[in-house]
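Q: Following this line is target-v1.txt, made up of compact mmCIF, C-alpha atoms:
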```txt
# COMPACT_ATOMS: atom_id res chain seq x y z
CA MET A 25 -1.55 -26.64 -34.31
CA SER A 26 -0.37 -23.05 -34.27
CA THR A 27 3.24 -22.65 -33.16
CA GLU A 28 2.38 -19.09 -32.19
CA ILE A 29 -0.07 -20.30 -29.54
CA HIS A 30 2.53 -22.77 -28.26
CA ASN A 31 5.14 -20.06 -27.99
CA ARG A 32 2.79 -17.62 -26.27
CA LEU A 33 1.82 -20.38 -23.86
CA ARG A 34 5.46 -21.16 -23.09
CA THR A 35 6.10 -17.50 -22.29
CA THR A 36 2.91 -17.23 -20.22
CA ILE A 37 3.75 -20.35 -18.22
CA ALA A 38 7.31 -19.19 -17.56
CA ASP A 39 6.06 -15.75 -16.46
CA ALA A 40 3.35 -17.22 -14.22
CA LEU A 41 5.75 -19.55 -12.44
CA ASN A 42 8.36 -16.77 -12.08
CA ARG A 43 11.24 -19.17 -11.42
CA GLY A 44 13.65 -18.02 -14.07
CA ILE A 45 12.57 -20.72 -16.51
CA SER A 46 13.38 -19.95 -20.13
CA PRO A 47 10.24 -20.38 -22.28
CA SER A 48 12.19 -22.18 -24.98
CA ASP A 49 13.31 -24.80 -22.46
CA ILE A 50 9.74 -25.97 -21.80
CA VAL A 51 9.25 -29.34 -23.51
CA GLY A 52 5.57 -29.54 -22.61
CA VAL A 53 4.90 -33.27 -22.59
CA ASN A 54 4.37 -33.63 -18.83
CA MET A 55 4.62 -30.10 -17.50
CA ILE A 56 3.49 -30.94 -13.96
CA GLU A 57 6.56 -33.11 -13.50
CA GLU A 58 8.85 -31.15 -15.80
CA LEU A 59 8.25 -27.81 -14.10
CA GLY A 60 7.50 -29.14 -10.60
CA MET A 61 4.09 -27.52 -10.60
CA THR A 62 1.87 -27.86 -7.53
CA SER A 63 -1.91 -27.81 -7.94
CA VAL A 64 -2.04 -24.13 -6.98
CA ASP A 65 0.80 -23.33 -9.42
CA ALA A 66 -1.30 -24.96 -12.13
CA LEU A 67 -4.29 -22.77 -11.24
CA GLU A 68 -2.12 -19.68 -11.33
CA VAL A 69 -0.82 -20.65 -14.77
CA LEU A 70 -4.39 -21.01 -15.97
CA ILE A 71 -5.46 -17.56 -14.82
CA HIS A 72 -2.46 -16.10 -16.62
CA VAL A 73 -3.53 -18.03 -19.73
CA GLU A 74 -7.00 -16.51 -19.38
CA SER A 75 -5.54 -13.01 -19.33
CA GLU A 76 -3.03 -13.58 -22.12
CA PHE A 77 -5.59 -15.02 -24.55
CA ASN A 78 -8.61 -13.10 -23.24
CA ILE A 79 -10.59 -16.28 -22.71
CA MET A 80 -12.58 -17.66 -19.79
CA ILE A 81 -11.72 -21.18 -18.70
CA ASP A 82 -14.80 -23.04 -17.51
CA ASP A 83 -14.84 -23.91 -13.80
CA SER A 84 -15.16 -27.57 -14.71
CA ASP A 85 -11.95 -27.39 -16.77
CA LEU A 86 -9.95 -25.61 -14.09
CA SER A 87 -7.68 -28.48 -13.16
CA GLN A 88 -4.10 -29.64 -13.14
CA GLU A 89 -5.01 -32.00 -15.97
CA LEU A 90 -5.39 -29.06 -18.37
CA VAL A 91 -1.78 -27.94 -17.95
CA THR A 92 -0.20 -31.39 -18.17
CA SER A 93 0.39 -31.26 -21.92
CA LEU A 94 1.28 -28.15 -23.93
CA ASP A 95 -0.48 -29.59 -27.00
CA ASN A 96 -3.71 -30.18 -25.08
CA LEU A 97 -3.59 -26.74 -23.51
CA ALA A 98 -2.93 -25.11 -26.89
CA ASP A 99 -5.83 -27.06 -28.38
CA TYR A 100 -8.11 -25.92 -25.54
CA VAL A 101 -7.05 -22.28 -25.93
CA ASN A 102 -7.54 -22.47 -29.68
CA ARG A 103 -11.08 -23.82 -29.27
CA LYS A 104 -11.94 -21.09 -26.75
CA MET A 105 -10.61 -18.38 -29.04
CA VAL A 106 -12.59 -19.71 -32.01
CA ALA A 107 -15.75 -19.91 -29.89
CA ALA A 108 -15.36 -16.35 -28.56
CA MET B 239 -19.56 -42.15 11.04
CA ALA B 240 -17.48 -39.18 9.96
CA TYR B 241 -14.51 -40.50 11.96
CA LYS B 242 -14.14 -43.24 9.33
CA ALA B 243 -13.85 -40.57 6.65
CA SER B 244 -11.22 -38.84 8.82
CA ASP B 245 -9.31 -42.10 9.16
CA ALA B 246 -9.41 -42.63 5.41
CA ILE B 247 -8.20 -39.08 4.68
CA GLU B 248 -5.42 -39.39 7.24
CA THR B 249 -4.27 -42.69 5.75
CA ILE B 250 -4.40 -41.34 2.20
CA VAL B 251 -2.18 -38.42 3.26
CA LYS B 252 0.23 -40.26 5.58
CA SER B 253 0.80 -43.20 3.21
CA GLY B 254 1.97 -40.84 0.46
CA ILE B 255 -1.01 -41.49 -1.82
CA ALA B 256 -2.07 -37.83 -1.83
CA SER B 257 1.44 -36.61 -2.64
CA ALA B 258 1.72 -39.14 -5.47
CA LEU B 259 -1.61 -37.98 -6.92
CA GLU B 260 -0.47 -34.36 -6.79
CA ASN B 261 1.71 -35.23 -9.78
CA GLY B 262 -1.26 -36.45 -11.79
CA PRO B 263 -3.84 -39.26 -11.96
CA ARG B 264 -2.63 -42.80 -11.29
CA GLN B 265 -4.02 -46.32 -11.45
CA SER B 266 -4.31 -48.23 -8.19
CA SER B 267 -1.78 -50.77 -9.48
CA GLU B 268 0.78 -48.00 -10.10
CA LEU B 269 0.24 -46.52 -6.65
CA ALA B 270 0.50 -49.96 -5.03
CA ARG B 271 3.76 -50.66 -6.84
CA ASP B 272 5.38 -47.26 -6.21
CA LEU B 273 4.32 -46.95 -2.57
CA SER B 274 4.72 -50.65 -1.67
CA LEU B 275 1.06 -51.02 -0.71
CA ALA B 276 -1.28 -54.00 -1.04
CA GLU B 277 -3.53 -53.30 -4.00
CA PRO B 278 -6.84 -54.95 -2.99
CA PRO B 279 -7.29 -52.87 0.22
CA LEU B 280 -5.80 -49.84 -1.54
CA ARG B 281 -8.48 -50.11 -4.21
CA VAL B 282 -11.21 -50.16 -1.53
CA LEU B 283 -9.66 -47.12 0.16
CA LEU B 284 -9.41 -45.22 -3.14
CA ASP B 285 -13.05 -46.01 -3.98
CA PHE B 286 -14.05 -44.73 -0.54
CA GLY B 287 -11.95 -41.61 -1.19
CA VAL B 288 -14.12 -41.03 -4.27
CA ARG B 289 -17.31 -41.48 -2.24
CA ILE B 290 -16.31 -38.82 0.28
CA GLY B 291 -15.26 -36.31 -2.41
CA LEU B 292 -11.50 -36.41 -1.81
CA LEU B 293 -10.74 -38.27 -5.03
CA GLU B 294 -12.30 -38.65 -8.46
CA ARG B 295 -12.23 -41.48 -10.97
CA MET B 296 -10.92 -40.88 -14.49
CA GLU B 297 -11.61 -44.22 -16.17
CA GLN B 298 -9.09 -46.57 -14.53
CA ARG B 299 -7.14 -43.81 -12.83
CA PHE B 300 -7.67 -41.94 -9.57
CA ALA B 301 -7.02 -38.23 -9.06
CA LEU B 302 -7.39 -35.69 -6.27
CA THR B 303 -10.44 -33.46 -6.73
CA GLN B 304 -9.59 -29.83 -7.38
CA THR B 305 -10.83 -28.85 -3.92
CA ALA B 306 -8.69 -31.56 -2.34
CA MET B 307 -5.68 -30.28 -4.31
CA THR B 308 -6.15 -26.78 -2.96
CA MET B 309 -6.88 -27.98 0.56
CA LEU B 310 -3.99 -30.43 0.76
CA PRO B 311 -1.72 -28.00 2.64
CA LEU B 312 -4.46 -27.61 5.25
CA ILE B 313 -4.89 -31.32 5.84
CA GLU B 314 -1.58 -31.69 7.69
CA LEU B 315 -2.67 -28.92 10.05
CA GLU B 316 -6.09 -30.55 10.31
CA LEU B 317 -4.48 -33.80 11.42
CA TYR B 318 -2.60 -31.94 14.14
CA THR B 319 -5.66 -30.11 15.44
CA ARG B 320 -7.79 -33.27 15.36
CA SER B 321 -5.23 -35.10 17.44
CA TRP B 322 -4.90 -32.13 19.84
CA HIS B 323 -8.67 -31.85 20.35
CA SER B 324 -8.97 -35.58 20.87
CA ASP B 325 -6.17 -35.67 23.46
CA ASN B 326 -7.60 -32.58 25.12
CA ASP B 327 -11.20 -33.88 25.10
CA SER B 328 -12.20 -30.45 23.78
CA LEU B 329 -15.83 -31.12 22.91
CA SER B 330 -16.60 -32.45 26.39
CA LYS B 331 -14.95 -29.43 27.98
CA VAL B 332 -16.88 -26.98 25.82
CA LEU B 333 -20.13 -28.78 26.58
CA SER B 334 -19.49 -28.76 30.31
CA ASP B 335 -18.46 -25.15 30.83
CA GLY B 336 -18.56 -23.38 27.42
CA ARG B 337 -14.86 -22.49 27.62
CA PRO B 338 -13.22 -22.35 24.16
CA GLN B 339 -10.38 -24.78 23.50
CA ASP B 340 -7.76 -23.27 21.20
CA PRO B 341 -5.12 -25.66 19.83
CA MET B 342 -2.94 -22.72 18.77
CA ALA B 343 -2.97 -20.97 22.15
CA ASP B 344 0.24 -22.61 23.38
CA ALA B 345 1.44 -23.96 20.07
CA SER B 346 5.11 -24.66 19.53
CA GLN B 347 7.19 -22.81 16.97
CA GLU B 348 7.01 -25.89 14.75
CA THR B 349 3.21 -25.95 14.94
CA ARG B 350 2.99 -22.27 14.13
CA GLN B 351 5.16 -22.85 11.05
CA LEU B 352 2.80 -25.66 10.09
CA TYR B 353 -0.09 -23.22 10.51
CA ASP B 354 1.63 -20.57 8.36
CA ARG B 355 2.37 -23.09 5.59
CA ALA B 356 -1.20 -24.36 5.61
CA LEU B 357 -2.73 -20.91 5.48
CA SER B 358 -0.34 -19.78 2.80
CA GLY B 359 -1.35 -22.64 0.49
CA PHE B 360 -5.04 -22.01 1.07
CA THR B 361 -4.63 -18.26 0.62
CA ARG B 362 -3.16 -18.64 -2.86
CA GLY B 363 -6.19 -20.69 -3.90
CA LEU B 364 -8.57 -18.10 -2.48
CA ALA B 365 -6.72 -15.24 -4.20
CA ILE B 366 -6.93 -17.07 -7.52
CA ALA B 367 -10.67 -17.63 -7.03
CA ILE B 368 -11.11 -13.90 -6.30
CA ARG B 369 -9.06 -12.93 -9.35
CA ARG B 370 -11.50 -14.94 -11.52
CA ILE B 371 -14.58 -13.02 -10.32
CA ARG B 372 -15.93 -10.86 -13.11
CA GLY B 373 -16.71 -7.21 -12.62
CA LEU B 374 -14.36 -6.43 -9.74
CA PRO B 375 -12.98 -2.88 -9.57
CA LYS B 376 -9.82 -2.60 -11.69
CA LYS B 377 -6.61 -2.36 -9.66
CA ALA B 378 -8.62 -1.95 -6.51
CA ALA B 379 -7.85 -0.27 -3.23
CA LEU B 380 -8.26 -3.33 -1.05
CA LEU B 381 -9.31 -3.55 2.58
CA ASP B 382 -8.93 -7.06 3.98
CA VAL B 383 -11.10 -7.11 7.08
CA GLY B 384 -9.76 -9.57 9.63
CA GLY B 385 -6.88 -10.20 7.24
CA GLY B 386 -4.39 -11.32 9.88
CA ASP B 387 -0.78 -11.20 8.73
CA GLY B 388 -1.74 -9.92 5.27
CA ALA B 389 -1.14 -13.16 3.35
CA LEU B 390 -4.30 -12.79 1.25
CA ALA B 391 -3.71 -9.08 0.70
CA SER B 392 -0.20 -9.69 -0.60
CA GLU B 393 -1.43 -12.41 -2.95
CA LEU B 394 -4.16 -10.12 -4.31
CA VAL B 395 -1.61 -7.38 -4.98
CA ARG B 396 0.79 -9.86 -6.55
CA LEU B 397 -1.97 -11.15 -8.88
CA GLY B 398 -2.86 -7.60 -9.93
CA VAL B 399 -6.31 -7.59 -8.32
CA ALA B 400 -5.37 -4.72 -6.00
CA ARG B 401 -2.96 -1.80 -6.41
CA GLN B 402 -2.68 -1.26 -2.65
CA ALA B 403 -3.94 -3.06 0.41
CA ALA B 404 -4.86 -2.30 3.99
CA VAL B 405 -5.40 -5.05 6.53
CA LEU B 406 -7.79 -4.42 9.40
CA ASP B 407 -7.36 -6.61 12.45
CA ARG B 408 -6.80 -6.66 16.19
CA PRO B 409 -3.75 -4.73 17.43
CA TYR B 410 -1.86 -7.83 18.56
CA VAL B 411 -1.80 -9.07 14.95
CA ARG B 412 0.15 -6.03 13.77
CA SER B 413 3.57 -7.55 14.55
CA HIS B 414 2.74 -10.64 12.42
CA PHE B 415 1.60 -8.33 9.64
CA GLU B 416 4.81 -6.27 9.83
CA ARG B 417 6.97 -9.39 9.62
CA ARG B 418 5.25 -10.37 6.37
CA ARG B 419 5.07 -6.82 5.00
CA ILE B 420 8.82 -6.20 5.09
CA GLN B 421 9.35 -9.35 3.03
CA CYS B 422 7.06 -8.09 0.24
CA GLU B 423 8.54 -6.78 -2.97
CA ARG B 424 6.86 -3.39 -2.42
CA PRO B 425 6.10 -3.05 1.31
CA GLU B 426 4.95 0.54 0.86
CA LEU B 427 1.75 -0.77 -0.78
CA PHE B 428 0.57 -2.36 2.48
CA SER B 429 -0.77 -0.82 5.66
CA PHE B 430 -2.38 -2.03 8.86
CA VAL B 431 -5.44 -0.70 10.69
CA ASP B 432 -5.86 -1.50 14.39
CA ALA B 433 -9.48 -2.40 15.01
CA ASP B 434 -11.64 -5.03 16.64
CA LEU B 435 -14.53 -6.45 14.65
CA ALA B 436 -16.27 -7.32 17.89
CA ASN B 437 -16.87 -3.55 18.20
CA PRO B 438 -17.63 -2.56 14.59
CA ASP B 439 -19.35 0.78 15.30
CA GLY B 440 -16.28 2.93 14.68
CA LEU B 441 -15.14 1.10 11.56
CA GLY B 442 -16.97 3.20 8.95
CA LYS B 443 -14.12 5.68 8.52
CA HIS B 444 -11.73 2.88 7.51
CA PHE B 445 -14.01 1.84 4.65
CA ALA B 446 -14.10 5.24 2.94
CA ASN B 447 -10.97 4.71 0.83
CA ALA B 448 -11.60 1.11 -0.21
CA ASP B 449 -13.38 -0.08 -3.32
CA LEU B 450 -12.78 -3.79 -2.66
CA ILE B 451 -13.48 -5.16 0.81
CA VAL B 452 -12.79 -8.80 1.60
CA LEU B 453 -13.98 -10.72 4.65
CA SER B 454 -12.48 -14.19 4.48
CA ASN B 455 -13.40 -16.69 7.19
CA VAL B 456 -14.42 -13.84 9.45
CA VAL B 457 -18.21 -13.68 9.69
CA HIS B 458 -18.52 -17.04 11.44
CA LEU B 459 -16.66 -15.48 14.37
CA LEU B 460 -19.20 -12.69 14.83
CA SER B 461 -22.52 -12.67 16.67
CA PRO B 462 -25.67 -11.60 14.76
CA PRO B 463 -25.68 -8.09 16.33
CA GLN B 464 -21.96 -7.67 15.53
CA ARG B 465 -22.56 -8.76 11.93
CA ASN B 466 -25.47 -6.37 11.52
CA ARG B 467 -23.39 -3.46 12.80
CA LEU B 468 -20.57 -4.48 10.43
CA TRP B 469 -22.90 -4.58 7.39
CA GLY B 470 -24.28 -1.19 8.41
CA ALA B 471 -20.75 0.23 8.72
CA LEU B 472 -19.87 -1.16 5.28
CA HIS B 473 -23.04 0.18 3.67
CA ASN B 474 -22.63 3.62 5.16
CA GLY B 475 -18.85 3.89 5.10
CA CYS B 476 -17.84 2.54 1.67
CA PRO B 477 -18.01 4.62 -1.49
CA PRO B 478 -21.00 3.77 -3.73
CA GLY B 479 -20.27 0.83 -6.01
CA ALA B 480 -17.58 -0.69 -3.80
CA THR B 481 -17.46 -4.49 -3.90
CA CYS B 482 -17.67 -6.51 -0.72
CA LEU B 483 -16.68 -10.19 -0.85
CA VAL B 484 -17.66 -12.49 1.98
CA TYR B 485 -16.03 -15.92 1.95
CA ASP B 486 -16.81 -18.50 4.61
CA GLN B 487 -17.87 -22.07 5.34
CA PHE B 488 -21.63 -21.88 5.35
CA PRO B 489 -23.72 -24.87 6.37
CA VAL B 490 -25.35 -26.36 3.28
CA SER B 491 -28.93 -26.21 4.51
CA GLN B 492 -31.06 -26.69 7.56
CA ASP B 493 -32.74 -29.85 6.27
CA VAL B 494 -29.84 -32.28 5.92
CA ALA B 495 -31.29 -34.58 8.58
CA GLY B 496 -33.14 -36.40 5.83
CA GLY B 497 -29.91 -37.70 4.34
CA GLY B 498 -27.26 -36.74 1.83
CA SER B 499 -23.53 -36.39 2.18
CA ILE B 500 -21.82 -34.30 4.84
CA SER B 501 -20.05 -31.24 3.48
CA ALA B 502 -16.65 -29.92 4.54
CA SER B 503 -18.47 -26.85 5.82
CA GLU B 504 -20.62 -28.90 8.16
CA LEU B 505 -17.56 -30.67 9.53
CA MET B 506 -16.01 -27.24 10.13
CA ILE B 507 -18.95 -26.38 12.38
CA ILE B 508 -17.71 -28.98 14.85
CA ASP B 509 -14.23 -27.44 14.78
CA TRP B 510 -15.75 -24.05 15.55
CA LEU B 511 -17.83 -25.54 18.34
CA ARG B 512 -14.66 -26.83 19.97
CA CYS B 513 -13.37 -23.26 19.87
CA GLY B 514 -16.59 -21.93 21.40
CA VAL B 515 -18.10 -20.53 18.18
CA ILE B 516 -21.67 -21.30 17.12
CA PHE B 517 -22.40 -20.43 13.47
CA ASP B 518 -25.30 -22.04 11.62
CA LEU B 519 -26.22 -19.44 9.01
CA SER B 520 -26.69 -20.72 5.46
CA VAL B 521 -25.21 -18.74 2.57
CA ASP B 522 -28.72 -17.66 1.57
CA GLY B 523 -29.44 -16.57 5.12
CA GLN B 524 -26.20 -14.60 5.21
CA SER B 525 -27.05 -12.93 1.90
CA GLU B 526 -30.50 -11.95 3.17
CA GLU B 527 -28.95 -10.49 6.31
CA MET B 528 -26.54 -8.38 4.24
CA ALA B 529 -29.29 -7.27 1.85
CA ALA B 530 -31.46 -6.21 4.79
CA CYS B 531 -28.63 -3.88 5.84
CA GLY B 532 -28.51 -2.22 2.40
CA LEU B 533 -25.85 -4.24 0.55
CA ARG B 534 -26.74 -5.40 -2.97
CA ILE B 535 -26.13 -9.09 -3.51
CA GLN B 536 -24.64 -9.65 -6.98
CA ASP B 537 -23.79 -13.33 -6.87
CA ILE B 538 -23.11 -16.35 -4.72
CA LEU B 539 -20.13 -18.31 -5.99
CA HIS B 540 -18.89 -21.78 -5.25
CA SER B 541 -15.47 -22.11 -6.85
CA PRO B 542 -14.40 -25.68 -7.62
CA ILE B 543 -11.06 -24.97 -5.94
CA LEU B 544 -12.47 -23.95 -2.54
CA PRO B 545 -14.68 -25.70 0.00
CA GLY B 546 -16.58 -22.59 1.08
CA LYS B 547 -18.83 -20.13 -0.70
CA MET B 548 -18.34 -16.50 -1.67
CA ILE B 549 -21.01 -13.79 -1.54
CA VAL B 550 -20.34 -10.97 -3.99
CA SER B 551 -22.09 -7.74 -2.99
CA THR B 552 -21.85 -4.05 -3.76
CA THR B 553 -22.64 -0.86 -1.86
CA GLY B 554 -24.72 2.14 -2.84
```
Just give me the structure of the file as structure tokens.
A:
Amino acid sequence: MSTEIHNRLRTTIADALNRGISPSDIVGVNMIEELGMTSVDALEVLIHVESEFNIMIDDSDLSQELVTSLDNLADYVNRKMVAA
Amino acid sequence: MAYKASDAIETIVKSGIASALENGPRQSSELARDLSLAEPPLRVLLDFGVRIGLLERMEQRFALTQTAMTMLPLIELELYTRSWHSDNDSLSKVLSDGRPQDPMADASQETRQLYDRALSGFTRGLAIAIRRIRGLPKKAALLDVGGGDGALASELVRLGVARQAAVLDRPYVRSHFERRRIQCERPELFSFVDADLANPDGLGKHFANADLIVLSNVVHLLSPPQRNRLWGALHNGCPPGATCLVYDQFPVSQDVAGGGSISASELMIIDWLRCGVIFDLSVDGQSEEMAACGLRIQDILHSPILPGKMIVSTTG
């Protein structure tokens, strides 16, 4: 999995949450708990991901589940970019 | 039988189940252990939560649906208003003399804070849903019609949907708007227009500088003649190509008597009735009404994160 996508995601997530989190501090195994994300925070992260990677996340995928794991999110973004 | 669904929702919230599920899907055994609940009845309650659309099953785990996640901040307020209406016997009073019963009319400071928190959570979800609509004007000049204290307007500016925002509402709302405005990062981007949608004839001039007009949970408050005058004012007053978004809780259809599940929108109709409002227009009916007044209907959206529907229309 591309480290570049992971790093861009870390930066995007930190920017979206706007709580002074350093991107490099994000572990990414259980980000809901790690970053104290509410459901609406998760949605806001996802729309920032859409803008950053110029992808459209399907309505059916627009859930807190998608931002739980950095690996899963990076995999999803990668698939969307390949399909575009 | 909807009161049983209400009981189930109330129990799921008050027992801490909903809060636990906000952190991710859980098995019933995990919830029972962590919340000190008896698992067999918990399992029945969770299954019922799935049936009424509050929860979803993910193999052996239960999760809040996306709509439930977004609406969670509203549920606490909903529990308060339900209790207030029940104690006040609101439906009987409305039926006997038609007088609206408003639970917020003499609300305490604590209740008003509850209201603000609930609306704030919902507003973020709505702003996100609007941000995801394709083809909106870039960095729009926003007019939020009936936008109250400007919560939605400030979210839309913060998310980059709008570069500036005006909120149009009744004069007594201005002080609430000002309180919020001065807390914004750039208060100079926000302005307030005193107007009453119940008399929409003079509104056209306020639409001339806007290329994105939002009416969120407003049209259900207006009578058919008031709505028609509002659509006419929008059609004639907005620049050509302006986008008009109408979000509300529209009844699903007129033929639900034959069966099927009850939607959140239909339950909202009873809340409105308590407050003296009768609104039974479907989203298709609303679209036809707008089109008949010259607006071009581009899309009807049902975001998975919101209970209502959004009509996307343009002028000119």
Q: Hey, which bits of chain A sit within 12 Å of chain B, and for each residue what's the closest pair of atoms and how far apart in Å (one decimal), counting all atoms listed in the file, rows by chain and increasing number, as a tab-separated table?
A:
```
residue	atom	partner	partner_atom	distance
A:Asp39	CA	B:Leu397	CA	12.0
A:Ala40	CA	B:Leu397	CA	9.7
A:Leu41	CA	B:Leu397	CA	12.0
A:Asn42	CA	B:Arg396	CA	11.6
A:Asn54	CA	B:Gly262	CA	9.4
A:Met55	CA	B:Asn261	CA	9.7
A:Ile56	CA	B:Asn261	CA	6.2
A:Glu57	CA	B:Asn261	CA	6.5
A:Glu58	CA	B:Asn261	CA	10.2
A:Leu59	CA	B:Asn261	CA	10.8
A:Gly60	CA	B:Asn261	CA	8.4
A:Met61	CA	B:Asn261	CA	8.1
A:Thr62	CA	B:Glu260	CA	6.9
A:Ser63	CA	B:Met307	CA	5.8
A:Val64	CA	B:Gly363	CA	6.2
A:Asp65	CA	B:Arg362	CA	9.0
A:Ala66	CA	B:Met307	CA	10.4
A:Leu67	CA	B:Ile366	CA	7.3
A:Glu68	CA	B:Ile366	CA	6.7
A:Val69	CA	B:Ile366	CA	10.1
A:Leu70	CA	B:Ile366	CA	9.7
A:Ile71	CA	B:Arg370	CA	7.4
A:His72	CA	B:Leu397	CA	9.2
A:Val73	CA	B:Arg370	CA	11.9
A:Glu74	CA	B:Arg370	CA	9.2
A:Ser75	CA	B:Arg370	CA	10.0
A:Ile79	CA	B:Arg370	CA	11.3
A:Met80	CA	B:Arg370	CA	8.8
A:Ile81	CA	B:Arg370	CA	9.5
A:Asp82	CA	B:Pro542	CA	10.2
A:Asp83	CA	B:Pro542	CA	6.4
A:Ser84	CA	B:Pro542	CA	7.4
A:Asp85	CA	B:Pro542	CA	9.6
A:Leu86	CA	B:Pro542	CA	7.9
A:Ser87	CA	B:Gln304	CA	6.2
A:Gln88	CA	B:Gly262	CA	7.5
A:Glu89	CA	B:Gly262	CA	7.2
A:Leu90	CA	B:Gly262	CA	10.7
A:Val91	CA	B:Gly262	CA	10.5
A:Thr92	CA	B:Gly262	CA	8.2
A:Ser93	CA	B:Gly262	CA	11.5
```
Q: Please, what distance in Å, to one decimal, runs between atom CA of B:Asp354 and atom CA of B:Leu329?
A: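 Here the two named atoms are 25.1 Å from each other.
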Q: As an exercise, work out the distance from atom CA of A:Gly52 to atom CA of A:Glu76 in Å and give it to one decimal place.
A: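 These two atoms are separated by 18.1 Å.
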Q: When you look at B:Gln402 with a cut-off of 9 Å (counting only C-alpha atoms), what residues show up, excluding the ones that are within fewer than 3 positions of it in the same chain? I need them as a PyMOL selection string.
A: chain B and resi 377-381+391+395+426-429
Q: If you count all atoms listed in the file, which residues fall within 12 Å of B:Thr349, apart from same-chain ones fewer than 2 positions away, as a list in words?
A: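 Contacts, in chain order: Glu314, Leu315, Glu316, Leu317, Tyr318, Thr319, Trp322, Pro341, Met342, Ala343, Asp344, Ala345, Ser346, Gln347, Gln351, Leu352, Tyr353, Asp354, Arg355 and Ala356 of chain B.
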Q: So, with all atoms listed in the file as the atoms that count, which of B:Leu283, B:Ala471, B:Ile255, B:Leu459 lies closest to B:Arg271?
A: B:Ile255
Q: To one decimal place, how far is atom CA of B:Arg337 from atom CA of B:Asn455 in Å?
A: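 Between atom CA of B:Arg337 and atom CA of B:Asn455 the gap is 21.3 Å.
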Q: Return the single residue from B:Cys482, B:Leu435, B:Ile538, B:Ala246 that is closest to B:Arg465, with distances computed using all atoms listed in the file.
A: B:Leu435
Q: Can you tell me, as AutoDock Vina command-line options, the centre and edge lengths (Å, one decimal) of the axis-aligned box enclosing all of stretch 297-309 of chain B's listed atoms after padding each side by 3 Å?
A:
```
--center_x -8.6 --center_y -36.7 --center_z -7.8 --size_x 11.9 --size_y 25.8 --size_z 22.7
```
